[in-house]
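Notes follow the structure.
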Amino acid sequence: MELVERVLAGERLALARLLTQVENNTPTGREALERLFPLTGRAHLVGITGAPGTGKSSLANRLALGMRKEGAPKVGVVAVDPTSPFSGGALLGDRLRMKDVAGDSGVFIRSMAARGTLGGLARATAAVVQVLDAAGYDPVLIETVGAGQSEVDIVRLAHTVLVVDAPGLGDDIQAIKAGILEIADLLVVNKADQPGVENTLRALQAMLDIGEQRYAQAGWKPPLLRASAVTGEGIAEILAAIRAHGEYLGESGGRRQRDETRLTREFEALLQEELLARWRAGTEPETVAAVLARLKARKISPGGAVRELLG
Ligand SMILES: Nc1nc2c(ncn2[C@@H]2O[C@H](COP(=O)(O)OP(=O)(O)OP(=O)(O)O)[C@@H](O)[C@H]2O)c(=O)[nH]1
Ligand SMILES: [Mg+2]
């Protein structure tokens, strides 16, 4: 039987193999994605982001188990770790922290290997999520470290974004937080079993209060939840809030809007990538080098260089 059919029949090994093809953007992967794409758009995509070490993987583990207990037949988890040059370390770490779900055949975990470029990683992540969606995984959790714009872009794949914070992080984390707070649909203070949780809650509450007006307009104010991936405290509340946000999106038309925005962005990113690749393939490196040399000598402006190269 063909790989796609075996994936649709629920074969995990076939799914793992197909995801590798899709991740590497091979002809087989592209063809499979083309066939599977009409089946996508069903899964509730849940992004989990936050500063390093806040407990995102541990929470993903708990949440996936909880979703299974609540009756989801298949839950997908995609862990993105662009900082590790080789996926080996991250893979092992994620596997260990997700050991509870590892034995559950209704949960499929995929760690994304680092790619040459973050754009490549975003493309690969989107494609992997699409395959899981088509294969009937719903919800699909997407974990990324919220450390920069590119990671934020990846988490925008999601319908519902959980931003995870924890007590006891250094001050350097503050900047990271400010950047990702505005994309939060849910705020979770994890490690509630640790000292300092009240302070973290207070600080986030203050930030939420500043955004009050914006939230009132949008019709959704991110709930601030405390949890512990170690004790299990607050997990049920997070699950309920994820469901409530899904319902809000459905009723407000926000889900369709997010889907359309995401697909348009994905199309534009791929178009750019493809146009650049075609242009490179059809251009002599010497020609580019000659124009670049004149640019560096300030004989031609960057815009002029582009116009000259594109004829
Ligand atoms: N005390 C306590 N420790 C936790 C909790 N959740 C996670 N941890 C621990 O915090 C460390 C980091 O947890 P991870 O789940 O790997 O955190 P992460 O955010 O996925 O980390 P990165 O992916 O590396 O950014 C591990 O040692 C966990 O065991 C919690 O609720 N309470
Ligand atoms: Mg992690």
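Residue numbering restarts at 1 in every chain; chains get A, B, ... in the order shown in the structure tokens, and ligands count up from 1 in that same order.
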
* Excluding segment 265-281 of chain A and any residue of its chain fewer than 2 positions from it, enumerate the residues within 10 Å of it, using only C-alpha atoms, and give them as a ChimeraX atom specification. => /A:119-120,122-123,126,157,259-263,283-285,288,309-310

Produce a file of the selected residues containing N, CA, C and O atoms, as a compact mmCIF listing (two decimals), in the first residue's frame.
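What landed in again15.txt:
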```txt
# COMPACT_ATOMS: atom_id res chain seq x y z
N GLY A 119 13.30 30.21 8.24
CA GLY A 119 12.23 30.15 7.25
C GLY A 119 11.96 28.71 6.86
O GLY A 119 10.81 28.27 6.76
N GLY A 120 13.05 27.96 6.68
CA GLY A 120 12.93 26.54 6.36
C GLY A 120 12.23 25.79 7.47
O GLY A 120 11.41 24.90 7.22
N ALA A 122 10.09 27.05 9.63
CA ALA A 122 8.68 27.43 9.65
C ALA A 122 7.91 26.65 8.58
O ALA A 122 6.82 26.13 8.83
N ARG A 123 8.50 26.54 7.39
CA ARG A 123 7.85 25.81 6.30
C ARG A 123 7.66 24.35 6.70
O ARG A 123 6.58 23.78 6.56
N ALA A 126 5.00 23.90 9.42
CA ALA A 126 3.64 24.03 8.88
C ALA A 126 3.24 22.75 8.15
O ALA A 126 2.12 22.25 8.32
N LEU A 157 1.05 29.81 13.78
CA LEU A 157 0.37 28.71 13.11
C LEU A 157 -0.88 28.30 13.87
O LEU A 157 -1.82 27.77 13.31
N ASP A 259 -7.21 31.07 10.05
CA ASP A 259 -6.83 30.07 9.03
C ASP A 259 -6.47 30.75 7.72
O ASP A 259 -5.47 30.42 7.09
N GLU A 260 -7.31 31.70 7.34
CA GLU A 260 -7.08 32.35 6.04
C GLU A 260 -5.81 33.20 6.07
O GLU A 260 -5.03 33.18 5.12
N THR A 261 -5.62 33.92 7.17
CA THR A 261 -4.40 34.72 7.30
C THR A 261 -3.16 33.82 7.24
O THR A 261 -2.20 34.11 6.55
N ARG A 262 -3.23 32.72 7.96
CA ARG A 262 -2.09 31.82 8.01
C ARG A 262 -1.79 31.26 6.63
O ARG A 262 -0.64 31.23 6.19
N LEU A 263 -2.81 30.81 5.91
CA LEU A 263 -2.59 30.21 4.59
C LEU A 263 -2.04 31.26 3.62
O LEU A 263 -1.15 30.95 2.82
N THR A 283 20.74 32.66 -12.78
CA THR A 283 21.65 33.79 -12.77
C THR A 283 23.09 33.33 -12.53
O THR A 283 23.35 32.50 -11.67
N GLU A 284 24.01 33.88 -13.32
CA GLU A 284 25.42 33.54 -13.14
C GLU A 284 25.94 34.18 -11.85
O GLU A 284 25.74 35.39 -11.64
N PRO A 285 26.61 33.40 -10.99
CA PRO A 285 27.16 33.97 -9.76
C PRO A 285 28.10 35.14 -10.04
O PRO A 285 28.16 36.10 -9.26
N VAL A 288 26.23 38.41 -10.33
CA VAL A 288 25.84 38.93 -9.02
C VAL A 288 27.05 39.53 -8.32
O VAL A 288 26.98 40.64 -7.77
N LEU A 309 20.03 43.70 -11.68
CA LEU A 309 20.07 42.24 -11.76
C LEU A 309 18.79 41.65 -12.31
O LEU A 309 18.79 40.63 -12.99
N LEU A 310 17.67 42.29 -12.00
CA LEU A 310 16.41 41.74 -12.50
C LEU A 310 16.11 42.26 -13.90
O LEU A 310 15.07 41.91 -14.49
```

Which residues are close to segment 246-249 of chain A, i.e. within 8 Å by only C-alpha atoms, leaving aside same-chain residues fewer than 6 positions away? Reply as a PDB file with all heavy atoms, in the first residue's frame.
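around-v8.pdb was written with the following content:
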```pdb
ATOM      1  N   HIS A  44      -7.746  21.421  15.912  1.00  0.00           N
ATOM      2  CA  HIS A  44      -7.537  22.620  16.732  1.00  0.00           C
ATOM      3  C   HIS A  44      -6.039  22.703  17.004  1.00  0.00           C
ATOM      4  O   HIS A  44      -5.465  21.826  17.652  1.00  0.00           O
ATOM      5  CB  HIS A  44      -8.335  22.498  18.032  1.00  0.00           C
ATOM      6  CG  HIS A  44      -8.306  23.729  18.882  1.00  0.00           C
ATOM      7  ND1 HIS A  44      -8.984  23.808  20.079  1.00  0.00           N
ATOM      8  CD2 HIS A  44      -7.705  24.921  18.731  1.00  0.00           C
ATOM      9  CE1 HIS A  44      -8.780  25.009  20.616  1.00  0.00           C
ATOM     10  NE2 HIS A  44      -8.007  25.689  19.818  1.00  0.00           N
ATOM     11  N   HIS A 159      -4.237  28.141  16.395  1.00  0.00           N
ATOM     12  CA  HIS A 159      -5.498  28.839  16.637  1.00  0.00           C
ATOM     13  C   HIS A 159      -5.497  29.455  18.032  1.00  0.00           C
ATOM     14  O   HIS A 159      -6.030  30.528  18.260  1.00  0.00           O
ATOM     15  CB  HIS A 159      -6.681  27.875  16.548  1.00  0.00           C
ATOM     16  CG  HIS A 159      -6.856  27.264  15.195  1.00  0.00           C
ATOM     17  ND1 HIS A 159      -6.705  25.921  14.959  1.00  0.00           N
ATOM     18  CD2 HIS A 159      -7.159  27.827  14.003  1.00  0.00           C
ATOM     19  CE1 HIS A 159      -6.931  25.685  13.676  1.00  0.00           C
ATOM     20  NE2 HIS A 159      -7.201  26.819  13.076  1.00  0.00           N
ATOM     21  N   THR A 160      -4.939  28.703  18.962  1.00  0.00           N
ATOM     22  CA  THR A 160      -4.934  29.102  20.364  1.00  0.00           C
ATOM     23  C   THR A 160      -3.492  29.102  20.860  1.00  0.00           C
ATOM     24  O   THR A 160      -2.806  28.100  20.736  1.00  0.00           O
ATOM     25  CB  THR A 160      -5.769  28.112  21.206  1.00  0.00           C
ATOM     26  OG1 THR A 160      -7.120  28.124  20.717  1.00  0.00           O
ATOM     27  CG2 THR A 160      -5.758  28.468  22.676  1.00  0.00           C
ATOM     28  N   TRP A 220     -12.157  38.816  23.834  1.00  0.00           N
ATOM     29  CA  TRP A 220     -11.513  37.724  24.548  1.00  0.00           C
ATOM     30  C   TRP A 220     -10.394  38.278  25.389  1.00  0.00           C
ATOM     31  O   TRP A 220      -9.476  38.922  24.869  1.00  0.00           O
ATOM     32  CB  TRP A 220     -10.945  36.676  23.587  1.00  0.00           C
ATOM     33  CG  TRP A 220     -10.183  35.579  24.289  1.00  0.00           C
ATOM     34  CD1 TRP A 220      -8.835  35.559  24.534  1.00  0.00           C
ATOM     35  CD2 TRP A 220     -10.706  34.378  24.854  1.00  0.00           C
ATOM     36  NE1 TRP A 220      -8.489  34.418  25.214  1.00  0.00           N
ATOM     37  CE2 TRP A 220      -9.622  33.671  25.428  1.00  0.00           C
ATOM     38  CE3 TRP A 220     -11.994  33.830  24.934  1.00  0.00           C
ATOM     39  CZ2 TRP A 220      -9.787  32.437  26.063  1.00  0.00           C
ATOM     40  CZ3 TRP A 220     -12.148  32.602  25.577  1.00  0.00           C
ATOM     41  CH2 TRP A 220     -11.058  31.924  26.123  1.00  0.00           C
ATOM     42  N   ARG A 255     -11.723  31.869  13.972  1.00  0.00           N
ATOM     43  CA  ARG A 255     -10.992  30.690  13.538  1.00  0.00           C
ATOM     44  C   ARG A 255     -10.757  30.727  12.028  1.00  0.00           C
ATOM     45  O   ARG A 255      -9.664  30.476  11.545  1.00  0.00           O
ATOM     46  CB  ARG A 255     -11.747  29.427  13.929  1.00  0.00           C
ATOM     47  CG  ARG A 255     -11.089  28.198  13.322  1.00  0.00           C
ATOM     48  CD  ARG A 255     -11.409  26.934  14.038  1.00  0.00           C
ATOM     49  NE  ARG A 255     -10.908  25.820  13.258  1.00  0.00           N
ATOM     50  CZ  ARG A 255     -10.525  24.672  13.764  1.00  0.00           C
ATOM     51  NH1 ARG A 255     -10.587  24.490  15.066  1.00  0.00           N
ATOM     52  NH2 ARG A 255     -10.085  23.714  12.994  1.00  0.00           N
TER      53      ARG A 255
END
```

Proximity check chain A to ligand 1, 10 Å, nearest pairs one decimal Å, only C-alpha atoms and all ligand atoms, as JSON lines:
```
{"residue": "A:Ile48", "atom": "CA", "partner": "ligand 1", "partner_atom_place_in_ligand_line": "19 (O)", "distance": 9.0}
{"residue": "A:Thr49", "atom": "CA", "partner": "ligand 1", "partner_atom_place_in_ligand_line": "19 (O)", "distance": 7.8}
{"residue": "A:Gly50", "atom": "CA", "partner": "ligand 1", "partner_atom_place_in_ligand_line": "19 (O)", "distance": 6.8}
{"residue": "A:Ala51", "atom": "CA", "partner": "ligand 1", "partner_atom_place_in_ligand_line": "25 (O)", "distance": 6.1}
{"residue": "A:Pro52", "atom": "CA", "partner": "ligand 1", "partner_atom_place_in_ligand_line": "25 (O)", "distance": 3.2}
{"residue": "A:Gly53", "atom": "CA", "partner": "ligand 1", "partner_atom_place_in_ligand_line": "21 (O)", "distance": 3.5}
{"residue": "A:Thr54", "atom": "CA", "partner": "ligand 1", "partner_atom_place_in_ligand_line": "19 (O)", "distance": 4.0}
{"residue": "A:Gly55", "atom": "CA", "partner": "ligand 1", "partner_atom_place_in_ligand_line": "17 (O)", "distance": 3.1}
{"residue": "A:Lys56", "atom": "CA", "partner": "ligand 1", "partner_atom_place_in_ligand_line": "19 (O)", "distance": 3.7}
{"residue": "A:Ser57", "atom": "CA", "partner": "ligand 1", "partner_atom_place_in_ligand_line": "20 (O)", "distance": 3.6}
{"residue": "A:Ser58", "atom": "CA", "partner": "ligand 1", "partner_atom_place_in_ligand_line": "15 (O)", "distance": 3.6}
{"residue": "A:Leu59", "atom": "CA", "partner": "ligand 1", "partner_atom_place_in_ligand_line": "15 (O)", "distance": 6.4}
{"residue": "A:Ala60", "atom": "CA", "partner": "ligand 1", "partner_atom_place_in_ligand_line": "15 (O)", "distance": 7.9}
{"residue": "A:Asn61", "atom": "CA", "partner": "ligand 1", "partner_atom_place_in_ligand_line": "15 (O)", "distance": 8.4}
{"residue": "A:Arg62", "atom": "CA", "partner": "ligand 1", "partner_atom_place_in_ligand_line": "6 (N)", "distance": 9.8}
{"residue": "A:Ala79", "atom": "CA", "partner": "ligand 1", "partner_atom_place_in_ligand_line": "23 (O)", "distance": 8.0}
{"residue": "A:Val80", "atom": "CA", "partner": "ligand 1", "partner_atom_place_in_ligand_line": "23 (O)", "distance": 8.3}
{"residue": "A:Asp81", "atom": "CA", "partner": "ligand 1", "partner_atom_place_in_ligand_line": "23 (O)", "distance": 7.1}
{"residue": "A:Thr83", "atom": "CA", "partner": "ligand 1", "partner_atom_place_in_ligand_line": "24 (O)", "distance": 9.7}
{"residue": "A:Ser84", "atom": "CA", "partner": "ligand 1", "partner_atom_place_in_ligand_line": "24 (O)", "distance": 9.9}
{"residue": "A:Ala90", "atom": "CA", "partner": "ligand 1", "partner_atom_place_in_ligand_line": "24 (O)", "distance": 7.6}
{"residue": "A:Gly93", "atom": "CA", "partner": "ligand 1", "partner_atom_place_in_ligand_line": "16 (O)", "distance": 6.9}
{"residue": "A:Asp94", "atom": "CA", "partner": "ligand 1", "partner_atom_place_in_ligand_line": "16 (O)", "distance": 6.7}
{"residue": "A:Arg95", "atom": "CA", "partner": "ligand 1", "partner_atom_place_in_ligand_line": "16 (O)", "distance": 9.8}
{"residue": "A:Leu96", "atom": "CA", "partner": "ligand 1", "partner_atom_place_in_ligand_line": "16 (O)", "distance": 8.9}
{"residue": "A:Arg97", "atom": "CA", "partner": "ligand 1", "partner_atom_place_in_ligand_line": "15 (O)", "distance": 6.2}
{"residue": "A:Met98", "atom": "CA", "partner": "ligand 1", "partner_atom_place_in_ligand_line": "15 (O)", "distance": 8.3}
{"residue": "A:Glu143", "atom": "CA", "partner": "ligand 1", "partner_atom_place_in_ligand_line": "20 (O)", "distance": 7.7}
{"residue": "A:Thr144", "atom": "CA", "partner": "ligand 1", "partner_atom_place_in_ligand_line": "23 (O)", "distance": 7.2}
{"residue": "A:Val145", "atom": "CA", "partner": "ligand 1", "partner_atom_place_in_ligand_line": "25 (O)", "distance": 5.3}
{"residue": "A:Gly146", "atom": "CA", "partner": "ligand 1", "partner_atom_place_in_ligand_line": "25 (O)", "distance": 8.3}
{"residue": "A:Ala147", "atom": "CA", "partner": "ligand 1", "partner_atom_place_in_ligand_line": "25 (O)", "distance": 9.3}
{"residue": "A:Val164", "atom": "CA", "partner": "ligand 1", "partner_atom_place_in_ligand_line": "19 (O)", "distance": 7.8}
{"residue": "A:Asp165", "atom": "CA", "partner": "ligand 1", "partner_atom_place_in_ligand_line": "19 (O)", "distance": 8.8}
{"residue": "A:Ala166", "atom": "CA", "partner": "ligand 1", "partner_atom_place_in_ligand_line": "31 (O)", "distance": 8.3}
{"residue": "A:Pro167", "atom": "CA", "partner": "ligand 1", "partner_atom_place_in_ligand_line": "32 (N)", "distance": 9.7}
{"residue": "A:Val189", "atom": "CA", "partner": "ligand 1", "partner_atom_place_in_ligand_line": "31 (O)", "distance": 8.8}
{"residue": "A:Asn190", "atom": "CA", "partner": "ligand 1", "partner_atom_place_in_ligand_line": "31 (O)", "distance": 5.1}
{"residue": "A:Lys191", "atom": "CA", "partner": "ligand 1", "partner_atom_place_in_ligand_line": "31 (O)", "distance": 3.4}
{"residue": "A:Ala192", "atom": "CA", "partner": "ligand 1", "partner_atom_place_in_ligand_line": "31 (O)", "distance": 6.1}
{"residue": "A:Asp193", "atom": "CA", "partner": "ligand 1", "partner_atom_place_in_ligand_line": "32 (N)", "distance": 5.7}
{"residue": "A:Gln194", "atom": "CA", "partner": "ligand 1", "partner_atom_place_in_ligand_line": "1 (N)", "distance": 5.6}
{"residue": "A:Pro195", "atom": "CA", "partner": "ligand 1", "partner_atom_place_in_ligand_line": "1 (N)", "distance": 9.3}
{"residue": "A:Arg226", "atom": "CA", "partner": "ligand 1", "partner_atom_place_in_ligand_line": "31 (O)", "distance": 9.5}
{"residue": "A:Ala227", "atom": "CA", "partner": "ligand 1", "partner_atom_place_in_ligand_line": "31 (O)", "distance": 6.5}
{"residue": "A:Ser228", "atom": "CA", "partner": "ligand 1", "partner_atom_place_in_ligand_line": "31 (O)", "distance": 3.4}
{"residue": "A:Ala229", "atom": "CA", "partner": "ligand 1", "partner_atom_place_in_ligand_line": "31 (O)", "distance": 3.8}
{"residue": "A:Val230", "atom": "CA", "partner": "ligand 1", "partner_atom_place_in_ligand_line": "31 (O)", "distance": 4.4}
{"residue": "A:Thr231", "atom": "CA", "partner": "ligand 1", "partner_atom_place_in_ligand_line": "31 (O)", "distance": 6.7}
{"residue": "A:Gly232", "atom": "CA", "partner": "ligand 1", "partner_atom_place_in_ligand_line": "31 (O)", "distance": 7.7}
{"residue": "A:Glu233", "atom": "CA", "partner": "ligand 1", "partner_atom_place_in_ligand_line": "31 (O)", "distance": 8.3}
{"residue": "A:Gly234", "atom": "CA", "partner": "ligand 1", "partner_atom_place_in_ligand_line": "31 (O)", "distance": 9.9}
```

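Among the candidate residues A:Val78, A:Leu63, A:Leu292, A:Ile154, the one lying nearest to ligand 2 is A:Val78, with distances computed using only C-alpha atoms and all ligand atoms.
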
* Structure fact -> Separating atom CA of Leu169 of chain A from atom CA of Val188 of chain A, to the nearest tenth of an Å, is a gap of 14.5 Å
